[in-house]
Each structure stands twice: as structure tokens, then as C-alpha cells.
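*Asks:* Handing over model_38.cif, mmCIF, C-alpha atoms.
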data_structure
loop_
_atom_site.label_atom_id
_atom_site.label_comp_id
_atom_site.auth_asym_id
_atom_site.auth_seq_id
_atom_site.Cartn_x
_atom_site.Cartn_y
_atom_site.Cartn_z
CA MET A 7 53.20 24.99 -43.08
CA ILE A 8 52.67 21.44 -44.17
CA PRO A 9 53.61 18.36 -42.14
CA VAL A 10 55.91 15.71 -43.56
CA GLY A 11 53.85 12.96 -45.22
CA PHE A 12 52.57 10.16 -43.03
CA ALA A 13 50.27 7.16 -43.08
CA TYR A 14 46.95 7.65 -41.32
CA GLU A 15 44.77 5.22 -39.43
CA ARG A 16 41.49 5.96 -37.69
CA PRO A 17 40.60 2.87 -35.65
CA ASP A 18 36.95 2.36 -34.70
CA THR A 19 37.67 0.94 -31.26
CA LEU A 20 40.09 1.41 -28.40
CA ASP A 21 41.31 -2.16 -28.89
CA GLY A 22 42.00 -1.38 -32.52
CA ALA A 23 44.01 1.68 -31.51
CA LEU A 24 45.99 -0.33 -28.96
CA ALA A 25 46.74 -3.02 -31.55
CA LEU A 26 48.11 -0.39 -33.94
CA LEU A 27 50.18 1.13 -31.15
CA ALA A 28 51.53 -2.29 -30.15
CA GLU A 29 52.68 -2.82 -33.71
CA HIS A 30 53.96 0.66 -34.55
CA GLY A 31 54.39 2.45 -31.19
CA GLU A 32 57.92 3.79 -31.78
CA ASP A 33 57.09 5.08 -35.26
CA ALA A 34 53.57 6.27 -34.57
CA THR A 35 52.03 9.35 -33.04
CA VAL A 36 48.62 9.41 -31.45
CA LEU A 37 46.35 12.26 -32.49
CA ALA A 38 43.22 13.07 -30.52
CA GLY A 39 42.13 16.68 -31.02
CA GLY A 40 45.45 17.43 -32.65
CA HIS A 41 46.06 20.78 -30.99
CA SER A 42 49.33 19.74 -29.40
CA ILE A 43 50.74 17.44 -32.04
CA LEU A 44 49.69 19.11 -35.31
CA PRO A 45 51.51 22.40 -34.59
CA VAL A 46 54.64 20.39 -33.81
CA MET A 47 54.26 18.37 -37.01
CA LYS A 48 53.65 21.52 -39.07
CA LEU A 49 56.92 22.94 -37.74
CA ARG A 50 58.48 19.58 -38.66
CA LEU A 51 59.75 19.11 -35.13
CA ALA A 52 58.00 15.74 -35.33
CA ALA A 53 57.67 13.53 -38.39
CA PRO A 54 55.87 10.32 -37.43
CA GLU A 55 55.52 7.59 -40.03
CA LEU A 56 52.03 6.80 -38.83
CA VAL A 57 49.36 8.95 -37.23
CA ILE A 58 46.75 7.04 -35.23
CA ASP A 59 43.64 9.21 -34.93
CA ILE A 60 41.73 8.35 -31.76
CA GLY A 61 39.68 11.54 -31.92
CA ARG A 62 36.37 9.77 -32.50
CA LEU A 63 36.56 6.97 -29.97
CA ALA A 64 33.37 7.42 -27.98
CA GLU A 65 34.82 4.97 -25.46
CA LEU A 66 37.24 7.71 -24.34
CA ASN A 67 34.68 10.49 -24.06
CA TYR A 68 32.87 10.51 -20.71
CA VAL A 69 32.63 12.15 -17.29
CA ARG A 70 31.57 9.81 -14.48
CA VAL A 71 31.32 10.02 -10.72
CA GLU A 72 32.85 6.86 -9.26
CA GLY A 73 32.97 6.74 -5.46
CA ASP A 74 35.19 9.54 -4.16
CA GLU A 75 36.58 10.23 -7.60
CA LEU A 76 35.66 11.79 -10.88
CA ALA A 77 36.66 9.63 -13.85
CA ILE A 78 37.12 11.52 -17.09
CA GLY A 79 37.80 9.80 -20.39
CA ALA A 80 41.07 10.89 -21.97
CA GLY A 81 39.28 11.91 -25.16
CA THR A 82 37.04 14.41 -23.39
CA LYS A 83 37.44 17.83 -24.94
CA HIS A 84 38.45 20.88 -22.90
CA ARG A 85 35.13 22.51 -23.80
CA THR A 86 33.28 19.56 -22.27
CA VAL A 87 35.39 19.60 -19.11
CA GLU A 88 34.84 23.35 -18.85
CA SER A 89 31.07 23.23 -19.30
CA SER A 90 30.21 19.92 -17.62
CA GLU A 91 27.91 20.52 -14.67
CA VAL A 92 29.30 17.39 -13.04
CA VAL A 93 32.88 18.66 -13.26
CA GLN A 94 31.82 22.13 -12.13
CA ALA A 95 30.11 20.68 -9.06
CA GLU A 96 32.54 17.89 -8.13
CA CYS A 97 35.87 19.37 -9.15
CA PRO A 98 35.43 23.08 -9.91
CA LEU A 99 39.19 23.72 -10.20
CA LEU A 100 39.43 21.38 -13.18
CA ALA A 101 36.53 23.07 -14.99
CA ALA A 102 38.03 26.50 -14.33
CA VAL A 103 41.49 25.49 -15.52
CA ALA A 104 40.07 23.90 -18.69
CA ARG A 105 38.47 27.26 -19.41
CA THR A 106 41.89 28.95 -19.48
CA VAL A 107 43.30 26.66 -22.18
CA GLY A 108 43.86 28.50 -25.46
CA ASP A 109 40.65 29.91 -26.91
CA PRO A 110 37.19 28.54 -27.75
CA GLN A 111 38.30 27.02 -31.08
CA ILE A 112 41.20 25.24 -29.39
CA ARG A 113 38.97 24.04 -26.56
CA HIS A 114 36.50 22.63 -29.10
CA ARG A 115 39.23 20.26 -30.32
CA GLY A 116 41.86 19.73 -27.62
CA THR A 117 41.45 16.87 -25.15
CA LEU A 118 42.33 16.33 -21.50
CA GLY A 119 44.32 13.17 -22.23
CA GLY A 120 46.14 14.82 -25.12
CA SER A 121 47.19 17.74 -22.97
CA LEU A 122 48.53 15.44 -20.25
CA ALA A 123 50.29 13.16 -22.75
CA HIS A 124 52.00 16.06 -24.51
CA ALA A 125 53.77 16.95 -21.22
CA ASP A 126 54.50 20.58 -21.98
CA PRO A 127 55.70 22.18 -18.72
CA ALA A 128 53.74 25.35 -19.61
CA SER A 129 50.44 23.46 -19.92
CA ASP A 130 47.62 24.36 -17.57
CA LEU A 131 45.96 21.02 -16.96
CA PRO A 132 48.91 18.85 -15.85
CA ALA A 133 49.67 21.12 -12.88
CA ALA A 134 45.99 21.24 -11.97
CA VAL A 135 45.71 17.45 -11.97
CA LEU A 136 48.95 17.35 -9.96
CA ALA A 137 47.56 19.77 -7.36
CA LEU A 138 44.39 17.69 -7.22
CA GLY A 139 46.38 14.54 -6.45
CA GLY A 140 44.97 12.90 -9.56
CA THR A 141 45.86 9.68 -11.36
CA VAL A 142 46.50 8.81 -14.99
CA VAL A 143 45.21 5.48 -16.29
CA LEU A 144 47.34 3.92 -19.04
CA ARG A 145 46.51 0.95 -21.22
CA GLY A 146 48.88 -1.04 -23.38
CA PRO A 147 49.91 -4.55 -24.39
CA ARG A 148 50.89 -5.37 -20.79
CA GLY A 149 47.47 -4.39 -19.52
CA GLU A 150 46.20 -1.41 -17.58
CA ARG A 151 48.03 0.56 -14.92
CA SER A 152 47.34 3.66 -12.86
CA VAL A 153 50.09 6.20 -12.30
CA PRO A 154 49.73 9.02 -9.77
CA MET A 155 50.45 12.39 -11.36
CA THR A 156 53.26 12.90 -8.83
CA GLY A 157 55.23 10.20 -10.63
CA PHE A 158 53.97 10.62 -14.18
CA TYR A 159 56.36 13.18 -15.65
CA THR A 160 60.07 12.53 -16.11
CA GLY A 161 61.15 15.70 -17.91
CA VAL A 162 60.26 18.21 -20.60
CA PHE A 163 57.76 16.58 -22.99
CA SER A 164 58.38 13.19 -21.38
CA SER A 165 56.55 10.89 -19.02
CA VAL A 166 56.52 7.28 -17.88
CA LYS A 167 54.00 6.47 -20.64
CA GLU A 168 55.55 3.90 -22.98
CA PRO A 169 55.27 4.38 -26.75
CA ASP A 170 52.80 1.48 -26.97
CA GLU A 171 50.59 2.83 -24.20
CA LEU A 172 47.64 5.17 -24.37
CA ILE A 173 46.21 7.42 -21.69
CA THR A 174 42.62 6.23 -21.39
CA GLU A 175 41.36 8.01 -18.30
CA VAL A 176 42.15 10.72 -15.78
CA ARG A 177 40.92 10.32 -12.21
CA VAL A 178 40.68 13.21 -9.77
CA PRO A 179 39.25 13.39 -6.25
CA ARG A 180 35.83 14.96 -5.82
CA THR A 181 36.89 18.13 -4.04
CA GLY A 182 33.43 19.72 -4.06
CA ALA A 183 33.42 22.97 -2.14
CA ALA A 184 37.05 22.77 -0.96
CA GLY A 185 38.86 26.08 -1.49
CA TRP A 186 40.47 26.35 -4.88
CA ALA A 187 41.91 28.96 -7.25
CA TYR A 188 43.86 29.19 -10.49
CA GLU A 189 46.08 32.17 -11.14
CA LYS A 190 47.54 32.29 -14.65
CA PHE A 191 49.89 35.03 -15.81
CA THR A 192 50.20 35.65 -19.54
CA ARG A 193 51.18 38.62 -21.66
CA ARG A 194 48.39 38.29 -24.24
CA ALA A 195 45.10 36.55 -24.86
CA ASN A 196 45.07 32.78 -25.47
CA ASP A 197 48.78 32.45 -24.71
CA TRP A 198 50.65 29.87 -22.68
CA ALA A 199 51.20 30.67 -19.02
CA ILE A 200 54.46 32.41 -18.18
CA VAL A 201 53.74 31.06 -14.71
CA ALA A 202 50.49 29.74 -13.27
CA VAL A 203 49.51 28.39 -9.88
CA ALA A 204 46.73 25.91 -9.10
CA VAL A 205 45.59 25.70 -5.50
CA VAL A 206 43.08 23.23 -4.12
CA ASP A 207 42.51 22.00 -0.58
CA GLY A 208 45.91 23.25 0.62
CA ARG A 209 47.86 21.71 -2.25
CA VAL A 210 49.74 23.90 -4.71
CA GLY A 211 50.65 23.02 -8.31
CA LEU A 212 53.05 25.18 -10.34
CA VAL A 213 53.02 25.66 -14.13
CA ASN A 214 56.25 26.44 -16.00
CA MET A 215 58.50 26.53 -12.94
CA GLY A 216 60.66 23.62 -14.07
CA PRO A 217 60.91 20.86 -16.69
CA THR A 218 57.74 19.25 -15.36
CA PRO A 219 54.72 20.51 -13.44
CA LEU A 220 55.67 20.78 -9.77
CA ARG A 221 54.09 20.89 -6.36
CA ALA A 222 55.21 23.83 -4.20
CA SER A 223 56.28 21.46 -1.42
CA ALA A 224 57.78 24.07 0.91
CA THR A 225 54.61 26.15 0.72
CA GLU A 226 52.41 23.10 1.34
CA ALA A 227 54.54 22.06 4.34
CA ALA A 228 54.43 25.56 5.80
CA LEU A 229 50.66 25.69 5.43
CA ALA A 230 50.35 22.32 7.14
CA GLU A 231 52.35 23.69 10.04
CA GLY A 232 50.02 26.65 10.35
CA ALA A 233 52.06 29.36 8.64
CA SER A 234 50.28 32.44 7.34
CA ILE A 235 49.42 32.65 3.66
CA ALA A 236 52.02 35.37 3.17
CA ASP A 237 54.78 33.35 4.83
CA ALA A 238 53.85 30.12 3.03
CA ALA A 239 53.58 31.84 -0.36
CA ALA A 240 57.05 33.35 0.09
CA LEU A 241 58.40 29.79 -0.16
CA ALA A 242 56.61 28.96 -3.43
CA ALA A 243 59.72 29.05 -5.61
CA GLU A 244 61.86 26.87 -3.33
CA GLY A 245 63.24 23.85 -5.09
CA THR A 246 62.05 25.01 -8.54
CA GLU A 247 64.21 25.34 -11.65
CA PRO A 248 62.42 27.75 -13.96
CA THR A 249 63.95 28.48 -17.33
CA ALA A 250 64.61 31.89 -18.84
CA ASP A 251 63.17 32.75 -22.23
CA LEU A 252 61.95 35.74 -24.23
CA THR A 253 59.02 36.32 -21.90
CA ALA A 254 60.69 36.10 -18.50
CA THR A 255 63.95 35.57 -16.64
CA ALA A 256 64.17 32.72 -14.15
CA GLU A 257 64.19 35.19 -11.25
CA TYR A 258 61.07 36.91 -12.59
CA ARG A 259 59.35 33.52 -12.75
CA ARG A 260 60.30 32.89 -9.11
CA HIS A 261 58.82 36.27 -8.23
CA LEU A 262 55.63 35.45 -10.14
CA ALA A 263 55.35 32.08 -8.40
CA ARG A 264 55.43 33.79 -5.01
CA VAL A 265 52.96 36.52 -5.99
CA LEU A 266 50.52 34.21 -7.77
CA THR A 267 50.67 31.63 -4.97
CA LYS A 268 49.77 34.29 -2.44
CA ARG A 269 46.85 35.42 -4.61
CA ALA A 270 45.65 31.88 -5.22
CA LEU A 271 45.89 30.87 -1.56
CA THR A 272 44.02 34.02 -0.57
CA THR A 273 41.26 33.34 -3.07
CA ALA A 274 41.08 29.67 -2.08
CA ALA A 275 40.77 30.66 1.58
CA GLY A 276 37.83 32.86 0.64
CA ALA A 277 39.55 35.83 2.26
CA MET B 4 42.86 8.70 -48.83
CA LYS B 5 39.28 9.45 -49.79
CA VAL B 6 37.42 12.02 -47.71
CA GLN B 7 33.77 12.89 -47.90
CA MET B 8 32.24 15.81 -46.11
CA THR B 9 29.28 18.09 -46.38
CA VAL B 10 30.46 21.64 -46.97
CA ASN B 11 27.83 24.36 -46.79
CA GLY B 12 25.15 21.74 -47.31
CA ALA B 13 26.71 20.19 -50.41
CA ASP B 14 28.35 16.77 -50.52
CA THR B 15 32.03 16.91 -51.41
CA SER B 16 34.64 14.23 -51.78
CA ALA B 17 38.25 14.03 -52.90
CA ASP B 18 41.26 11.80 -52.71
CA VAL B 19 43.68 13.65 -50.44
CA GLU B 20 47.00 13.13 -48.72
CA PRO B 21 46.50 12.61 -44.97
CA ARG B 22 48.70 15.64 -44.31
CA LEU B 23 46.36 18.01 -46.17
CA LEU B 24 45.03 20.61 -43.77
CA LEU B 25 41.30 21.33 -43.71
CA ALA B 26 42.01 24.98 -44.59
CA HIS B 27 43.74 23.89 -47.80
CA TYR B 28 41.01 21.38 -48.64
CA LEU B 29 38.47 24.18 -48.45
CA ARG B 30 40.56 26.77 -50.31
CA ASP B 31 42.52 24.74 -52.84
CA THR B 32 40.49 21.59 -53.43
CA LEU B 33 37.03 23.17 -53.23
CA GLY B 34 37.97 26.73 -54.22
CA LEU B 35 36.24 28.32 -51.23
CA LYS B 36 38.55 31.27 -50.59
CA ALA B 37 36.71 33.07 -47.79
CA THR B 38 38.53 30.92 -45.25
CA ASN B 39 41.88 32.68 -44.85
CA VAL B 40 45.17 31.32 -43.60
CA GLY B 41 46.78 34.05 -41.54
CA CYS B 42 49.32 33.00 -38.93
CA ASP B 43 49.23 29.28 -39.73
CA THR B 44 50.08 28.62 -36.05
CA THR B 45 46.62 28.29 -34.42
CA SER B 46 46.81 31.84 -33.10
CA CYS B 47 44.95 34.26 -35.37
CA GLY B 48 41.67 32.50 -36.13
CA ALA B 49 41.36 33.79 -39.72
CA CYS B 50 40.83 30.17 -40.78
CA THR B 51 37.92 29.59 -38.38
CA VAL B 52 35.10 27.43 -39.77
CA LEU B 53 32.38 25.38 -38.15
CA VAL B 54 32.78 21.60 -38.00
CA ASP B 55 29.56 19.93 -36.88
CA GLY B 56 28.47 23.32 -35.58
CA GLU B 57 31.53 24.13 -33.47
CA SER B 58 34.18 26.71 -34.33
CA VAL B 59 37.60 25.24 -35.14
CA LYS B 60 40.80 26.56 -36.64
CA SER B 61 41.00 24.81 -39.98
CA CYS B 62 44.79 25.30 -40.20
CA THR B 63 45.12 22.99 -37.19
CA MET B 64 42.89 20.22 -38.41
CA LEU B 65 43.54 17.63 -41.07
CA ALA B 66 40.99 17.23 -43.84
CA VAL B 67 40.88 13.52 -42.94
CA GLN B 68 39.81 14.48 -39.40
CA ALA B 69 36.75 16.15 -40.92
CA ASP B 70 35.86 13.08 -42.97
CA GLU B 71 32.09 12.50 -42.76
CA ALA B 72 31.62 15.80 -40.92
CA SER B 73 29.48 18.80 -41.75
CA VAL B 74 31.53 21.93 -42.39
CA GLN B 75 30.29 25.48 -42.72
CA THR B 76 32.31 28.37 -44.12
CA MET B 77 31.54 32.05 -44.66
CA GLU B 78 30.35 31.26 -48.19
CA GLY B 79 27.65 29.01 -46.81
CA LEU B 80 26.49 31.52 -44.25
CA SER B 81 25.05 34.01 -46.70
CA PRO B 82 24.75 32.34 -50.09
CA ASP B 83 22.50 35.14 -51.28
CA PRO B 84 24.08 38.60 -51.03
CA GLU B 85 20.62 40.14 -50.88
CA SER B 86 19.79 38.38 -47.62
CA LEU B 87 22.81 38.32 -45.36
CA HIS B 88 23.00 36.08 -42.32
CA PRO B 89 22.18 38.18 -39.22
CA VAL B 90 25.79 38.04 -38.01
CA ALA B 91 27.18 39.08 -41.38
CA ALA B 92 24.55 41.83 -41.59
CA ALA B 93 25.54 43.10 -38.15
CA PHE B 94 29.23 43.17 -39.13
CA ARG B 95 28.29 45.28 -42.18
CA GLU B 96 25.95 47.54 -40.26
CA GLU B 97 28.43 48.24 -37.45
CA HIS B 98 31.43 48.24 -39.77
CA GLY B 99 32.98 45.34 -37.87
CA LEU B 100 35.89 45.16 -40.25
CA GLN B 101 38.74 47.21 -41.63
CA CYS B 102 40.86 45.35 -44.18
CA GLY B 103 38.48 42.39 -44.00
CA PHE B 104 41.09 39.62 -43.83
CA CYS B 105 40.06 38.42 -40.37
CA THR B 106 36.35 38.94 -41.04
CA PRO B 107 35.26 35.44 -42.18
CA GLY B 108 36.95 33.91 -39.14
CA MET B 109 35.46 36.55 -36.85
CA VAL B 110 31.99 35.95 -38.26
CA MET B 111 32.22 32.17 -37.98
CA ALA B 112 33.58 32.41 -34.41
CA THR B 113 30.66 34.72 -33.63
CA VAL B 114 28.11 32.27 -35.05
CA SER B 115 29.59 29.56 -32.80
CA LEU B 116 29.70 31.87 -29.79
CA LEU B 117 26.06 32.94 -30.18
CA ALA B 118 24.95 29.33 -30.62
CA GLU B 119 26.45 28.56 -27.21
CA ASN B 120 25.55 31.87 -25.56
CA PRO B 121 22.77 33.77 -27.38
CA THR B 122 23.09 37.01 -25.35
CA PRO B 123 26.70 37.38 -24.26
CA SER B 124 27.91 40.29 -22.15
CA GLU B 125 30.60 42.52 -23.62
CA ARG B 126 33.16 40.65 -21.56
CA GLU B 127 31.86 37.31 -22.82
CA VAL B 128 32.07 38.61 -26.39
CA ARG B 129 35.71 39.59 -25.92
CA GLU B 130 36.49 36.22 -24.31
CA GLY B 131 34.52 34.37 -26.98
CA LEU B 132 36.56 36.04 -29.74
CA GLU B 133 39.85 35.55 -27.88
CA GLY B 134 41.00 33.17 -30.58
CA ASN B 135 40.59 35.70 -33.40
CA LEU B 136 43.09 38.46 -34.05
CA CYS B 137 42.43 41.63 -36.07
CA ARG B 138 45.75 43.17 -37.05
CA CYS B 139 43.98 46.39 -37.99
CA THR B 140 43.03 46.30 -34.28
CA GLY B 141 39.44 47.01 -35.22
CA TYR B 142 38.03 45.24 -32.21
CA HIS B 143 35.69 47.98 -31.04
CA ASN B 144 33.28 47.73 -33.95
CA ILE B 145 33.58 43.95 -34.01
CA VAL B 146 32.33 43.80 -30.42
CA ARG B 147 29.55 46.23 -31.35
CA ALA B 148 28.61 43.97 -34.26
CA VAL B 149 28.41 40.87 -32.06
CA LEU B 150 26.24 42.65 -29.52
CA ALA B 151 23.98 43.92 -32.32
CA ALA B 152 23.77 40.43 -33.85
CA SER B 153 22.61 39.10 -30.48
CA GLY B 154 19.84 41.67 -30.33
CA GLN B 155 21.61 43.87 -27.78
CA ASP B 156 22.45 47.56 -27.88
CA PRO B 157 25.83 48.07 -29.57
CA ASP B 158 26.11 51.50 -27.94
CA ALA B 159 26.53 49.71 -24.60
CA VAL B 160 30.13 48.85 -25.50
CA THR B 161 32.53 50.37 -23.01
CA GLY B 162 35.70 49.53 -24.87
CA GLY B 163 37.00 47.45 -21.99
CA GLY B 164 35.05 44.51 -20.78
CA HIS B 165 37.78 43.42 -18.39
CA ALA B 166 37.38 46.31 -15.99
CA GLU B 167 37.50 44.21 -12.85
CA GLU B 168 40.84 42.76 -13.91
CA ALA B 169 42.47 46.05 -14.81
CA PRO B 170 45.41 47.11 -12.66
CA SER B 171 44.19 49.43 -9.96
CA GLY B 172 47.06 51.85 -10.14
CA GLY B 173 49.43 51.98 -13.06
CA VAL B 174 51.94 54.11 -11.20
CA GLU B 175 52.36 51.47 -8.52
CA ALA B 176 53.47 49.01 -11.17
CA ALA B 177 56.50 51.11 -12.05
CA PRO B 178 59.03 50.77 -9.25
CA GLY B 179 61.42 53.65 -8.89
CA PHE B 180 58.86 56.30 -9.69
CA SER B 181 57.47 58.33 -6.88
CA THR B 182 53.80 59.10 -7.00
CA GLY B 183 54.59 62.40 -5.37
CA SER B 184 52.10 61.71 -2.64
CA GLY B 185 54.76 61.74 0.04
CA ALA B 186 53.14 58.73 1.65
#
Take the structure I supplied and represent it as C-alpha cells, if you would.
*Replies:*
Amino acid sequence: MIPVGFAYERPDTLDGALALLAEHGEDATVLAGGHSILPVMKLRLAAPELVIDIGRLAELNYVRVEGDELAIGAGTKHRTVESSEVVQAECPLLAAVARTVGDPQIRHRGTLGGSLAHADPASDLPAAVLALGGTVVLRGPRGERSVPMTGFYTGVFSSVKEPDELITEVRVPRTGAAGWAYEKFTRRANDWAIVAVAVVDGRVGLVNMGPTPLRASATEAALAEGASIADAAALAAEGTEPTADLTATAEYRRHLARVLTKRALTTAAGA
Amino acid sequence: MKVQMTVNGADTSADVEPRLLLAHYLRDTLGLKATNVGCDTTSCGACTVLVDGESVKSCTMLAVQADEASVQTMEGLSPDPESLHPVAAAFREEHGLQCGFCTPGMVMATVSLLAENPTPSEREVREGLEGNLCRCTGYHNIVRAVLAASGQDPDAVTGGGHAEEAPSGGVEAAPGFSTGSGA
């Protein structure tokens, strides 16, 4: 499969990339590792006039401890997030979730910022960052702004990011030894999650249980009120709107959310 | 757009359309046909090559993304048939192939895996080759080959590698069927 023809720019600097986006935002697509956008372009579900390749901007490739937070450049590859000793020590959930993305070849190319920007409701990392209470840093012609993950997504494949903005950084709290777990249910190796559940420090993020990643609010509230894991997990599907597809009915997804939440909470509690 | 890259140690360059995939640059522009395009959807791994030492799926990378990079394909791994690369030799010795279509991708993924983890466990081998499908389902000997290439005993293969994740009781997973235990 061959994408529709496009013009290609590979700016040397972040400012250069932002200038191109400011000029062409509506007609351009940003490519970092390319593992979200190239498959879509090959299927001709997207046909941008211009591809802006930010895959080599060293400015976007870093992992830093800053106060209570971990700051990760948007261009950091999944393989780096997975294997970084800093991420493993300061935010082990994020390293573990990065390890479940695709397969080694995909993780060698795909980036954290790209995964968040693509906004696929079946993606692993958005729900993990949501459960972590993380923040997305966006830069564009109107300057820089930080958007909490709770308000970042607006629907399937859509977010509050404007076409002339770029995700430059992801910030997550340093959770350290706080209890965490990621339970991902798939039918075959390297597949998307049918449902997955990220738990960290009493917060619960759900993958593929609606048009956007979701927090299992009823479960979190029950836990805060001292409910048992079993009782809290039974509420995991409340308020969700999972879709039905070839892999699962909506009711099966609700069932999975409850089962996986119970497993994840149990693991996170160290029980 | 002009691209220049080192492929198997040799400088190459060509004027390509930005939409040209790396797999097609290697196969059609350079005539290196070991790199196969199987699924064309980033799933099967038959197109796996090394870019700057790391395994990638060349059907999901543009040739322009590899501009100025160093690329290695199966052809460059064992240029002399009389002295095979240790991984290729292990695949031959353990018969880690059936029809052979997936083999170049399997071998390149193995080279990348062993560079990151020189003595992987059987489980790590299976996880490391998760991105490569063999539609002959010849995985058993492939895992043996990877263990042998890493200097480990291929006879140690259990055929599983995910034992701790296996369901504990298959019968329990089938509601409506009594186990006959009367419990």
C-alpha cells in the first residue's frame, strides 16, 4: 500500500517545525516515528498535502526529573520510556505500559507524544497518563500551554490540540513505589487492547471503554470511601460507553473492565 | 527528493518520492530482495531491517526518514555464503525456517534482540520476536535457533515460555460445562 503523494519537510529545529505548522497546519500532518500516521496514510484514510517530519528533533527527546514531576520530551521513543532507569524508578507504571505497545520494532520508532496526539481510544499510553494525572504541554503560534490529560481528549481521534500546535512534552507525577498495575487484554501478540486498565495510587484509567480514555470514577470514589477491591471493581464500567466490534460486544467489554480492574487493583495493593 | 544512506556498508543515493517506503527503496531501487513485504500493515515483520542498529519494519518507514542513516539487511549480514553470520548459521543449524518467507525478518529481529539482550530466556525470545509472524507456524525451531545463536542450549526450549500466564484451568473458562467434580 502506497500513500497518496505529499510534500515532505524535515525541519532542523522545533521553531522551524512550529513555523511550518503555523503556515500549513490545516493541510499538514506531523510525523514523528510514523507508526500511527503512516498506516493511516497507507490505507488512504489520511492524505495530507505536507508531512512535517519531527522525528529527529533532539530537543524533543529527553527524560528529566523536575521537582515532583517527570518531564518527558514528546519525541521520546517507547523503547526509551520502557528501558529508562529514571522512568522505571520514578514512574514504573509508564515504563511498564510503554513495554506493552506493539512489538520491539514498533517501540523502536513510535513516540510518546505521537501516541498521545493520535488519540486512538484503544491506545495504551493515553489511559496510563490519564490515570497518572499527567499533563500535556502544547506549543504553537500563541505560545505554550499545559493541558491536564483529564481535559485533553474531545472524542475519537480528537483532542483540544489545534492544527498549528505540537505536543512538546508530557509531564507525570513521580509516583515512585506507589502501587500500580497494568492489565491489558488482547487476543493475539502485539495487538491493540480489547480493554486495558491502568491503576496507580488509587486512580484507575480505562482503555477502549469509550470514545476517549476514561477514568473509572465510580470505582475511584468507592475506593476513597473505603470499599473493598471487589466492590469497587464491580463499578468499573459505570458511565462508560464501549463500542462493539469484531473482537467484543459492548457488554463483554464492560465485563472485562470489571475483571481487569479487580486484577489490577489487587496487584497494585500488593495482595 | 534526494536520499543518501549507507546500506550494508555501501553508500547509496537516489532521487525518490517522499511517499516511497523504505522496503520498496531496498527492494526496487537497490534490488535487495531479501527484505520481504508480507502483510504491509506493520504486523508480520517480514520487512524487518536494522536502521542505525535497531530493528524496524521497513514497510512502515519512509525512505526519506532513513536519509543519512545506516541500514542493514539480510544480504549484508552474511555477504559470504561460506561464512554465515552466527544468527543465520543458527537458523540453518536448527532449521529455524519452513517456507523461508519470514526468515530474513526473523533473523534481523534476532540480531537486534541479541544486541539488546545477549542471553535472553525462552520467554524473552518469544517476546522479542513478537513482531514477527511465521505463517508456517514454525516457531519452535526459530526459538531454538535464537537460543543457539546466543550460546544457550536449544534443547532447553519448553514450547511455551509463557507458563506463568497460562490459564490455570481450561474447563473453568467454559461456562455451562460441569467438571463432574460435584463440588
*Asks:* Could you check how far atom CA of Val19 of chain B sits from atom CA of Leu118 of chain A, in Å to one decimal?
*Replies:* 29.1 Å
*Asks:* Quick one: which residues from chain A are at most 9 Å off chain B, using only C-alpha atoms, as a PyMOL selection string?
*Replies:* chain A and resi 7-14+16+39-41+44-45+48+59+61+108-115+195-197
*Asks:* Point out the residue among B:Gly108, B:Ile145, B:Glu78, B:Asp14 with the least atom-to-atom distance to Gly34 of chain B, counting all atoms listed in the file.
*Replies:*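 Of B:Gly108, B:Ile145, B:Glu78, B:Asp14, the one nearest Gly34 of chain B is B:Glu78, counting all atoms listed in the file.
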*Asks:* What is the atom CA of Gly211 of chain A to atom CA of Ala243 of chain A distance in Å?
*Replies:*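 A separation of 11.2 Å between them.
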*Asks:* Interatomic distance between atom CA of Met109 of chain B and atom CA of Asn39 of chain B?
*Replies:*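 Between these atoms lies a distance of 11.0 Å.
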*Asks:* Env of Ala254 of chain A: 12 Å cut, atoms = all atoms listed in the file, seq-sep filter 3 positions within chain, self excluded. Answer as a list in words.
*Replies:*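 Within the cut-off, the hits are Phe191, Thr192, Arg193, Ala199, Ile200, Val201, Asn214, Met215, Pro248, Thr249, Ala250, Asp251, Glu257, Tyr258, Arg259, Arg260, His261 and Leu262 of chain A.
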*Asks:* Applied to this file, what does the PyMOL selection byres ((chain A and resi 166-171) around 7) return in terms of residues, put as a count of residues only?
*Replies:* 13
*Asks:* So which residues get picked by the PyMOL selection byres ((chain B and resi 148) around 8) here, written as a VMD selection string?
*Replies:* chain B and resid 90 93 to 94 96 to 99 144 to 147 149 to 152 157
*Asks:* Could you take the residues named above and write them with C-alpha atoms, as a PDB file, in the frame of the given file?
*Replies:*
ATOM      1  CA  VAL B  90      25.790  38.040 -38.010  1.00  0.00           C
ATOM      2  CA  ALA B  93      25.540  43.100 -38.150  1.00  0.00           C
ATOM      3  CA  PHE B  94      29.230  43.170 -39.130  1.00  0.00           C
ATOM      4  CA  GLU B  96      25.950  47.540 -40.260  1.00  0.00           C
ATOM      5  CA  GLU B  97      28.430  48.240 -37.450  1.00  0.00           C
ATOM      6  CA  HIS B  98      31.430  48.240 -39.770  1.00  0.00           C
ATOM      7  CA  GLY B  99      32.980  45.340 -37.870  1.00  0.00           C
ATOM      8  CA  ASN B 144      33.280  47.730 -33.950  1.00  0.00           C
ATOM      9  CA  ILE B 145      33.580  43.950 -34.010  1.00  0.00           C
ATOM     10  CA  VAL B 146      32.330  43.800 -30.420  1.00  0.00           C
ATOM     11  CA  ARG B 147      29.550  46.230 -31.350  1.00  0.00           C
ATOM     12  CA  VAL B 149      28.410  40.870 -32.060  1.00  0.00           C
ATOM     13  CA  LEU B 150      26.240  42.650 -29.520  1.00  0.00           C
ATOM     14  CA  ALA B 151      23.980  43.920 -32.320  1.00  0.00           C
ATOM     15  CA  ALA B 152      23.770  40.430 -33.850  1.00  0.00           C
ATOM     16  CA  PRO B 157      25.830  48.070 -29.570  1.00  0.00           C
TER      17      PRO B 157
END
*Asks:* Given the point (55.8, 39.1, -3.0) in the file's coordinates, find the residues that have an atom at most 12 Å from it, counting all atoms listed in the file, and give them as a ChimeraX atom specification.
*Replies:* /A:235-243,258-269
